[in-house]
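Quick notes on the structure that follows.
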Amino acid sequence: MAFVERTVKEGDNLAAFFEGGEERRLTLTDGSRIAVIGGGPAGTFFTYFLLRLAESIDLDVSVDIYEPRSFAYQGPAGCNHCGGIVSESLVQLLATEGINLPPAVVQRGIESYVLHMDVGTVRIETPLQEKRIAAVFRGNGPRESEPLPVSGSFDGFLLELAASSGARVVRKLVSATSWDTGRPRVTCSDGTSATYDLLAVAAGINSQALQLFQEIAPGYQAPKTLKTFICEFRLPREALDKFIGPSMHVFLLDIPRLEFAALIPKGEFLTLCILGDDVDNALIDTFLSAPEVKACFPDGQVPAPACHCFPRVNVEAAAQLYGDRIVWIGDSGVARLYKDGIGSAYRVAKAAAKTVVHHGISAEDFRQHYGPACGRINSDNTIAKFIFGVSTLIQRVRFLRRGVLRMTANEQQRRAARRHMSTVLWDLFTGSAPYKEVLTRTFHPEFPAMLGWNLLAGNLARRRANGSKGNAHG
Amino acid sequence: MANGNLGQWYAKGHVVVRQGEIGDNIFAIQEGELEVVKERQGGGEIRVAVLHAGDIFGEMAILEKEQRNATVRTLTDARLLTVDKKTFMSRVHEDPSLAFNILRMMAKRIRTLNAKLGERRSRVDRRRAERRNVGTRRKGPRRSAA
Ligand SMILES: Cc1cc2nc3c(=O)[nH]c(=O)nc-3n(C[C@H](O)[C@H](O)[C@H](O)COP(=O)(O)OP(=O)(O)OC[C@H]3O[C@@H](n4cnc5c(N)ncnc54)[C@H](O)[C@@H]3O)c2cc1C
């Protein structure tokens, strides 16, 4: 990761540049103005931490968050399109930060997950039997839903948190950026514009916003993305309680191009997320007609969705995530692969906020203090690619699926410390731990031994049963 | 329990943390009130604080690797979210500022405790002074009567 090169031009704040005899001094001072493009999790966390840290050192700065979307709208217009799982680790970290998600925002507390494969189904409970995963709506719920209370949207809640910390929310779409005597200038679609000391770009990857920086930061290259699918099914609450319960349902099915799919209960809706290689209608239809999926709906009937979208997911970090007075955070920079994107937005947003308050706003400051946080996520994503490769292998090979299922099912009777496969799967599917930790868990000496034994036992038992029945399934 | 609630409910009067036990979790109060009590050596207990939604407790045993130094009991039905030691400590290594909120909360608690101690001391001083006054008043008439 490098930084955007920019030469000092006439009008640049040279005094600040060389202040104190240091080579490059670009810092926030009393009265500095910061623009944040995008009021999703990355933009709001960045603002919240920046203002809180600034206050703690009596630094008086102002932040404008540009966000045209009203999270009070139902349907795609008010929504930042995602599965809406706030991971177990993020829920805990936010609580220690003093940010507790109110019941109005949490559509469902999740306490277990159910893994569906063609060879069987297994439920994995949290060791503490406690609801520590939140299923939320990013906006105000799907089309056709009962309107939530104003504070019911997760993104709305975070934006309100940033606003109550002192930020100004500007309800406008940013349509251009430029340099104004060495400082970033933001222009909106209504023609208004303003100049700032620092620009934080948190515009995600699901808009045209990332094309706005070609001129001011030619080195920045938007992240690589993949098309995904999300839809919402409306179901009676009793049906949701009976068929889904307080669980996230994960599917490892041998369907070509399918990486991963999940059903997540929220209020009277069920969110379906499909990740895969260029998700299209054919893949969605094949998935929805799988018997394992149909079994999750009353009478095996999948209803027509109330709302759907094809958002993109960040699968490879952007190049050149920072320059003097400019930084990219969240999905528009680097995000955790496939899981806990909100959690990684929180991490990088906080790292960026600490950098600008405690160190400075030059490319070099970002390289030293913000870069490592992004680098950690990037290298963890490399491990993730390997882990998802193994998961795809399990998806494709029935022999492996049987072993995994048997090992996981048998572990449910054991104490938490000895549930090796369950914790690996839990952390993998809920996004609760870094991928490195997930991989390390498989190095436990008991893991290969148990897996080997369950592979043998699971497949031998099956063969014997088949032999005695005289049929050749599986 | 409503679907949108995170954490776990504890009934009124439930002891969440017991003095002397080894602690592995921090608790974040989502709803309800709890009291922090110190158990006295000779029996009985003394209330040192009342905690509310948004407060955190249990952090000292985790930071010091020590036994819980007080008992925490629910005063009303209360909803608590558990924060694992491992999640917290591994993240603190990456981001020490995560402990900032906890430090602030501990500082607040110490300030409240100091204020309480101050109040107690002045109450004791007042009572002593009153007793002295009563003593001198009592002694006075007796002396004069003598
Ligand atoms: C199918 C799918 C499922 C997912 N499921 C989960 C999950 O369950 N849990 C999880 O943690 N993560 C999940 N993610 C990832 C998660 O959605 C993202 O990582 C997260 O939203 C990133 O936050 P952000 O703030 O960077 O971007 P966004 O949430 O995309 O926010 C960007 C904001 O910028 C605004 N904006 C855009 N352009 C402009 C402009 N020109 N001017 C002003 N404002 C602008 C937008 O309106 C938006 O509000 C999922 C992603 C996908 C695709």
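Scheme for the structure tokens: letters A, B, ... for chains in order shown; per-chain residue numbers from 1; ligand numbers from 1 in order shown.
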Which residues of chain A are close to chain B, meaning at most 6 Å apart when you count only C-alpha atoms, and how do they look as a ChimeraX atom specification? /A:92,97,103,106-109,130-132
Residues from last step as file, N, CA and C atoms, as a tab-separated table (two decimals), in the first residue's frame:
chain	number	residue	atom	x	y	z
A	92	GLN	N	-19.63	-7.03	21.47
A	92	GLN	CA	-18.91	-6.94	22.74
A	92	GLN	C	-18.00	-5.71	22.79
A	97	GLU	N	-17.00	0.04	24.55
A	97	GLU	CA	-16.81	1.44	24.14
A	97	GLU	C	-17.94	2.31	24.71
A	103	PRO	N	-32.81	-2.31	21.91
A	103	PRO	CA	-33.71	-3.35	21.37
A	103	PRO	C	-34.44	-2.89	20.11
A	106	VAL	N	-32.09	-3.81	17.31
A	106	VAL	CA	-31.81	-5.24	17.14
A	106	VAL	C	-33.12	-5.94	16.80
A	107	GLN	N	-33.25	-6.39	15.55
A	107	GLN	CA	-34.49	-7.04	15.13
A	107	GLN	C	-34.58	-8.45	15.69
A	108	ARG	N	-33.43	-9.03	15.96
A	108	ARG	CA	-33.41	-10.35	16.56
A	108	ARG	C	-32.04	-10.59	17.18
A	109	GLY	N	-32.02	-11.10	18.41
A	109	GLY	CA	-30.75	-11.52	19.02
A	109	GLY	C	-30.52	-12.96	18.59
A	130	GLU	N	-26.04	-17.20	25.32
A	130	GLU	CA	-26.42	-15.79	25.44
A	130	GLU	C	-26.55	-15.18	24.06
A	131	LYS	N	-27.50	-14.26	23.90
A	131	LYS	CA	-27.66	-13.63	22.58
A	131	LYS	C	-26.65	-12.51	22.43
A	132	ARG	N	-25.60	-12.78	21.67
A	132	ARG	CA	-24.57	-11.75	21.52
A	132	ARG	C	-24.33	-11.40	20.06
For Arg171 of chain A: contacts at 12 Å, only C-alpha atoms, fewer than 2 positions along chain excluded, given as a list in words: Val36, Ile37, Gly38, Gly39, Asp64, Ile65, Tyr66, Glu67, Pro68, Arg69, Ser70, Phe71, Leu159, Arg168, Val169, Leu173, Val174, Cys188, Ser189 and Asp190 of chain A
Save out the residues we just selected, N, CA, C and O atoms, as a compact mmCIF listing (two decimals), in the first residue's frame.
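Contents of the output file result-v7.txt:
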# COMPACT_ATOMS: atom_id res chain seq x y z
N VAL A 36 -16.60 14.18 5.72
CA VAL A 36 -16.70 12.73 5.60
C VAL A 36 -17.74 12.44 4.52
O VAL A 36 -18.88 12.88 4.64
N ILE A 37 -17.33 11.74 3.46
CA ILE A 37 -18.30 11.40 2.41
C ILE A 37 -18.85 10.01 2.72
O ILE A 37 -18.13 9.02 2.66
N GLY A 38 -20.11 9.95 3.12
CA GLY A 38 -20.76 8.68 3.42
C GLY A 38 -21.06 8.53 4.90
O GLY A 38 -20.16 8.65 5.74
N GLY A 39 -22.33 8.28 5.21
CA GLY A 39 -22.74 8.14 6.61
C GLY A 39 -23.12 6.71 6.93
O GLY A 39 -24.03 6.46 7.72
N ASP A 64 -18.33 17.55 9.02
CA ASP A 64 -19.55 17.49 8.20
C ASP A 64 -19.62 16.10 7.58
O ASP A 64 -18.69 15.69 6.88
N ILE A 65 -20.72 15.37 7.83
CA ILE A 65 -20.90 14.07 7.17
C ILE A 65 -21.87 14.28 6.01
O ILE A 65 -23.00 14.71 6.22
N TYR A 66 -21.41 13.96 4.81
CA TYR A 66 -22.29 14.06 3.63
C TYR A 66 -22.98 12.72 3.43
O TYR A 66 -22.33 11.70 3.20
N GLU A 67 -24.29 12.69 3.58
CA GLU A 67 -25.05 11.45 3.40
C GLU A 67 -26.43 11.78 2.85
O GLU A 67 -27.28 12.29 3.57
N PRO A 68 -26.66 11.49 1.56
CA PRO A 68 -27.95 11.84 0.96
C PRO A 68 -29.08 10.87 1.36
O PRO A 68 -30.25 11.22 1.30
N ARG A 69 -28.70 9.65 1.77
CA ARG A 69 -29.71 8.63 2.03
C ARG A 69 -30.42 8.89 3.35
O ARG A 69 -29.77 9.19 4.34
N SER A 70 -31.76 8.75 3.34
CA SER A 70 -32.46 8.83 4.61
C SER A 70 -32.71 7.40 5.08
O SER A 70 -33.39 6.63 4.41
N PHE A 71 -32.15 7.06 6.24
CA PHE A 71 -32.30 5.70 6.75
C PHE A 71 -33.71 5.48 7.30
O PHE A 71 -34.01 4.40 7.81
N LEU A 159 -25.63 7.05 12.76
CA LEU A 159 -25.56 8.44 12.27
C LEU A 159 -26.01 9.39 13.38
O LEU A 159 -25.41 10.45 13.59
N ARG A 168 -22.12 17.55 11.98
CA ARG A 168 -23.24 18.11 11.22
C ARG A 168 -23.52 17.14 10.06
O ARG A 168 -22.59 16.76 9.35
N VAL A 169 -24.78 16.73 9.93
CA VAL A 169 -25.11 15.83 8.82
C VAL A 169 -25.62 16.66 7.66
O VAL A 169 -26.60 17.40 7.80
N LEU A 173 -25.70 14.70 -1.90
CA LEU A 173 -24.84 13.78 -2.63
C LEU A 173 -23.60 14.55 -3.09
O LEU A 173 -23.71 15.61 -3.71
N VAL A 174 -22.43 14.01 -2.78
CA VAL A 174 -21.20 14.66 -3.26
C VAL A 174 -21.01 14.27 -4.72
O VAL A 174 -21.06 13.09 -5.07
N CYS A 188 -21.29 19.48 -4.14
CA CYS A 188 -22.50 18.63 -4.10
C CYS A 188 -23.31 18.77 -5.38
O CYS A 188 -23.11 19.70 -6.17
N SER A 189 -24.26 17.84 -5.53
CA SER A 189 -25.05 17.81 -6.76
C SER A 189 -25.89 19.09 -6.93
O SER A 189 -26.27 19.43 -8.05
N ASP A 190 -26.16 19.82 -5.84
CA ASP A 190 -26.92 21.07 -5.98
C ASP A 190 -26.01 22.27 -6.26
O ASP A 190 -26.44 23.41 -6.24
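Residues in contact range of Ile329 of chain A, defined as at most 8 Å between only C-alpha atoms, with sequence neighbours fewer than 3 positions away removed, read Ala42, Gly43, Ala200, Val201, Ala202, Leu321, Ser332, Gly333, Val334, Ala345, Val348, Ala349 and Ala352 of chain A.
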Using only all heavy atoms, please write the residues we just selected to a file, as a short mmCIF file (atom, residue, chain, number, x, y, z; two decimals), in the first residue's frame.
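Output (out.cif):
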data_model
loop_
_atom_site.label_atom_id
_atom_site.label_comp_id
_atom_site.auth_asym_id
_atom_site.auth_seq_id
_atom_site.Cartn_x
_atom_site.Cartn_y
_atom_site.Cartn_z
N ALA A 42 -18.62 3.04 8.38
CA ALA A 42 -17.25 3.56 8.37
C ALA A 42 -17.24 5.07 8.65
O ALA A 42 -16.47 5.55 9.49
CB ALA A 42 -16.57 3.26 7.04
N GLY A 43 -18.11 5.81 7.97
CA GLY A 43 -18.14 7.26 8.14
C GLY A 43 -18.59 7.67 9.54
O GLY A 43 -18.03 8.59 10.14
N ALA A 200 -12.32 12.50 4.49
CA ALA A 200 -12.37 11.05 4.71
C ALA A 200 -13.44 10.48 3.79
O ALA A 200 -14.57 10.94 3.81
CB ALA A 200 -12.71 10.75 6.17
N VAL A 201 -13.04 9.52 2.98
CA VAL A 201 -13.99 8.94 2.02
C VAL A 201 -14.50 7.61 2.58
O VAL A 201 -13.72 6.67 2.76
CB VAL A 201 -13.34 8.72 0.65
CG1 VAL A 201 -14.38 8.23 -0.35
CG2 VAL A 201 -12.67 9.99 0.16
N ALA A 202 -15.80 7.57 2.87
CA ALA A 202 -16.41 6.35 3.42
C ALA A 202 -17.68 6.06 2.62
O ALA A 202 -18.73 5.80 3.17
CB ALA A 202 -16.73 6.55 4.90
N LEU A 321 -4.58 3.98 -0.27
CA LEU A 321 -5.73 4.32 0.57
C LEU A 321 -5.60 5.66 1.27
O LEU A 321 -6.45 6.00 2.09
CB LEU A 321 -5.90 3.29 1.68
CG LEU A 321 -6.01 1.83 1.34
CD1 LEU A 321 -6.03 1.04 2.62
CD2 LEU A 321 -7.29 1.61 0.60
N SER A 332 -14.76 1.26 0.91
CA SER A 332 -14.10 1.93 -0.21
C SER A 332 -12.58 1.81 -0.10
O SER A 332 -11.85 2.19 -1.02
CB SER A 332 -14.53 3.39 -0.33
OG SER A 332 -14.27 4.05 0.88
N GLY A 333 -12.09 1.27 1.02
CA GLY A 333 -10.67 1.00 1.19
C GLY A 333 -10.43 -0.49 1.32
O GLY A 333 -10.31 -1.20 0.35
N VAL A 334 -10.44 -0.95 2.57
CA VAL A 334 -10.22 -2.37 2.82
C VAL A 334 -11.32 -2.90 3.75
O VAL A 334 -11.77 -2.19 4.64
CB VAL A 334 -8.80 -2.61 3.40
CG1 VAL A 334 -8.55 -1.80 4.65
CG2 VAL A 334 -8.54 -4.06 3.69
N ALA A 345 -15.04 -2.15 9.32
CA ALA A 345 -15.24 -0.70 9.15
C ALA A 345 -14.97 0.00 10.49
O ALA A 345 -14.32 1.06 10.54
CB ALA A 345 -16.66 -0.41 8.67
N VAL A 348 -10.98 0.00 11.12
CA VAL A 348 -10.18 0.94 10.33
C VAL A 348 -10.62 2.38 10.62
O VAL A 348 -9.79 3.29 10.63
CB VAL A 348 -10.20 0.64 8.81
CG1 VAL A 348 -9.50 -0.66 8.51
CG2 VAL A 348 -11.59 0.66 8.24
N ALA A 349 -11.91 2.56 10.86
CA ALA A 349 -12.40 3.92 11.14
C ALA A 349 -11.75 4.44 12.43
O ALA A 349 -11.31 5.59 12.50
CB ALA A 349 -13.92 3.92 11.28
N ALA A 352 -8.09 5.23 11.81
CA ALA A 352 -7.94 6.49 11.08
C ALA A 352 -8.21 7.68 12.00
O ALA A 352 -7.48 8.69 11.96
CB ALA A 352 -8.89 6.51 9.89
#
Give me, please, the distance in Å between atom 19 (O, counted along the ligand's line) of ligand 1 and atom CA of Asn314 of chain A, quoted to one decimal.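 Distance reported for this atom pair: 7.4 Å.
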Let me see if you get this right: every residue at most 7 Å from ligand 1, counting only C-alpha atoms and all ligand atoms, written as a PyMOL selection string. chain A and resi 37-43+66-69+80-87+172-175+202-209+228-230+273-275+311-313+329-332+335+338-343+345
Mind checking DSSP for chain B and telling me the strand (DSSP E or B) residues as a short mmCIF file (atom, residue, chain, number, x, y, z; two decimals) with N, CA and C atoms, in the first residue's frame?
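Here's the written file result.cif:
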data_model
loop_
_atom_site.label_atom_id
_atom_site.label_comp_id
_atom_site.auth_asym_id
_atom_site.auth_seq_id
_atom_site.Cartn_x
_atom_site.Cartn_y
_atom_site.Cartn_z
N GLY B 7 -27.93 -10.19 24.99
CA GLY B 7 -27.49 -10.53 26.34
C GLY B 7 -28.45 -11.50 27.00
N GLN B 8 -28.48 -11.44 28.32
CA GLN B 8 -29.27 -12.40 29.08
C GLN B 8 -29.95 -11.69 30.24
N TRP B 9 -31.16 -12.13 30.56
CA TRP B 9 -31.88 -11.55 31.70
C TRP B 9 -31.50 -12.26 32.99
N TYR B 10 -31.38 -11.50 34.07
CA TYR B 10 -31.15 -12.06 35.40
C TYR B 10 -32.26 -11.55 36.31
N VAL B 15 -27.12 -13.09 42.22
CA VAL B 15 -25.72 -12.69 42.39
C VAL B 15 -24.99 -13.01 41.07
N VAL B 16 -24.54 -11.95 40.39
CA VAL B 16 -23.90 -12.13 39.08
C VAL B 16 -22.42 -12.43 39.28
N VAL B 17 -21.83 -11.72 40.23
CA VAL B 17 -20.41 -11.86 40.51
C VAL B 17 -20.26 -11.98 42.02
N ILE B 22 -12.92 -16.31 41.00
CA ILE B 22 -12.04 -15.88 39.90
C ILE B 22 -12.93 -15.42 38.75
N ASN B 25 -15.02 -12.69 32.95
CA ASN B 25 -15.84 -11.87 32.06
C ASN B 25 -16.02 -10.46 32.60
N ILE B 26 -16.29 -9.57 31.63
CA ILE B 26 -16.74 -8.23 31.98
C ILE B 26 -18.23 -8.20 31.66
N PHE B 27 -19.00 -7.41 32.38
CA PHE B 27 -20.44 -7.34 32.10
C PHE B 27 -20.80 -5.90 31.73
N ALA B 28 -21.62 -5.78 30.68
CA ALA B 28 -22.11 -4.45 30.29
C ALA B 28 -23.62 -4.45 30.56
N ILE B 29 -24.06 -3.51 31.39
CA ILE B 29 -25.48 -3.49 31.76
C ILE B 29 -26.29 -2.87 30.63
N GLN B 30 -27.26 -3.65 30.13
CA GLN B 30 -28.13 -3.17 29.06
C GLN B 30 -29.41 -2.55 29.64
N GLU B 31 -29.94 -3.19 30.69
CA GLU B 31 -31.14 -2.67 31.34
C GLU B 31 -31.09 -3.08 32.80
N LEU B 34 -28.09 -2.68 39.46
CA LEU B 34 -27.39 -3.67 40.28
C LEU B 34 -26.66 -2.96 41.41
N GLU B 35 -26.43 -3.70 42.49
CA GLU B 35 -25.66 -3.10 43.58
C GLU B 35 -24.32 -3.81 43.73
N VAL B 36 -23.30 -3.03 44.11
CA VAL B 36 -21.98 -3.60 44.38
C VAL B 36 -21.83 -3.60 45.90
N VAL B 37 -21.61 -4.78 46.46
CA VAL B 37 -21.46 -4.84 47.92
C VAL B 37 -20.14 -5.49 48.29
N LYS B 38 -19.55 -4.99 49.39
CA LYS B 38 -18.32 -5.60 49.92
C LYS B 38 -18.74 -6.45 51.10
N GLU B 39 -18.29 -7.71 51.09
CA GLU B 39 -18.63 -8.55 52.24
C GLU B 39 -17.62 -8.28 53.35
N GLU B 45 -22.57 -7.04 55.10
CA GLU B 45 -22.00 -6.43 53.89
C GLU B 45 -22.30 -4.94 53.86
N ILE B 46 -21.53 -4.26 53.02
CA ILE B 46 -21.72 -2.82 52.91
C ILE B 46 -21.86 -2.47 51.42
N ARG B 47 -22.87 -1.68 51.08
CA ARG B 47 -23.10 -1.34 49.66
C ARG B 47 -22.12 -0.23 49.25
N VAL B 48 -21.37 -0.45 48.20
CA VAL B 48 -20.42 0.57 47.77
C VAL B 48 -20.89 1.34 46.54
N ALA B 49 -21.78 0.75 45.76
CA ALA B 49 -22.25 1.48 44.56
C ALA B 49 -23.53 0.86 44.02
N VAL B 50 -24.26 1.68 43.28
CA VAL B 50 -25.41 1.17 42.52
C VAL B 50 -25.09 1.43 41.05
N LEU B 51 -25.24 0.40 40.23
CA LEU B 51 -24.89 0.52 38.80
C LEU B 51 -26.16 0.54 37.94
N ILE B 56 -20.37 -0.63 33.26
CA ILE B 56 -19.63 -1.88 33.04
C ILE B 56 -19.08 -2.33 34.39
N PHE B 57 -19.08 -3.61 34.65
CA PHE B 57 -18.43 -4.08 35.88
C PHE B 57 -17.71 -5.40 35.63
N GLN B 67 -8.98 -12.34 42.16
CA GLN B 67 -10.34 -12.72 42.53
C GLN B 67 -11.23 -11.48 42.46
N THR B 71 -19.06 -8.24 45.53
CA THR B 71 -20.19 -9.01 45.00
C THR B 71 -21.09 -8.05 44.25
N VAL B 72 -21.61 -8.48 43.10
CA VAL B 72 -22.55 -7.63 42.36
C VAL B 72 -23.86 -8.39 42.22
N ARG B 73 -24.95 -7.73 42.67
CA ARG B 73 -26.25 -8.39 42.73
C ARG B 73 -27.29 -7.52 42.05
N THR B 74 -28.26 -8.15 41.39
CA THR B 74 -29.29 -7.36 40.70
C THR B 74 -30.27 -6.77 41.73
N ALA B 78 -32.55 -7.61 35.45
CA ALA B 78 -31.53 -6.87 34.70
C ALA B 78 -31.07 -7.68 33.49
N ARG B 79 -30.78 -6.95 32.41
CA ARG B 79 -30.28 -7.59 31.19
C ARG B 79 -28.80 -7.22 31.04
N LEU B 80 -27.96 -8.25 30.98
CA LEU B 80 -26.51 -8.02 30.93
C LEU B 80 -25.90 -8.67 29.70
N LEU B 81 -24.89 -8.02 29.16
CA LEU B 81 -24.14 -8.59 28.05
C LEU B 81 -22.75 -8.96 28.55
N THR B 82 -22.34 -10.18 28.28
CA THR B 82 -21.03 -10.63 28.74
C THR B 82 -19.97 -10.31 27.69
N VAL B 83 -18.85 -9.79 28.15
CA VAL B 83 -17.72 -9.55 27.24
C VAL B 83 -16.61 -10.51 27.67
N ASP B 84 -16.20 -11.40 26.74
CA ASP B 84 -15.18 -12.38 27.12
C ASP B 84 -13.84 -11.71 27.34
#
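Rounded to one decimal, atom CA of Asn69 of chain B and atom CA of Gly42 of chain B lie 16.2 Å from each other.
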Here is a test: counting only C-alpha atoms, which residue of A:Asp277, A:Glu292, A:Glu411, A:Glu364 is nearest to Lys227 of chain A? A:Asp277
List every residue of segment 46-164 of chain A that DSSP, applied to the backbone, labels as helix (DSSP H, G or I), and write the result as a PyMOL selection string. chain A and resi 46-56+76-78+88-97+150-152+154-164
Distance in Å - atom CA of Thr96 of chain A versus atom CA of Arg415 of chain A: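 Computing the Euclidean distance for atom CA of Thr96 of chain A and atom CA of Arg415 of chain A yields 27.0 Å.
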Non-local contacts of Lys12 of chain B (6 Å; only C-alpha atoms; under 3 positions in same chain excluded) as a ChimeraX atom specification: /B:74-77
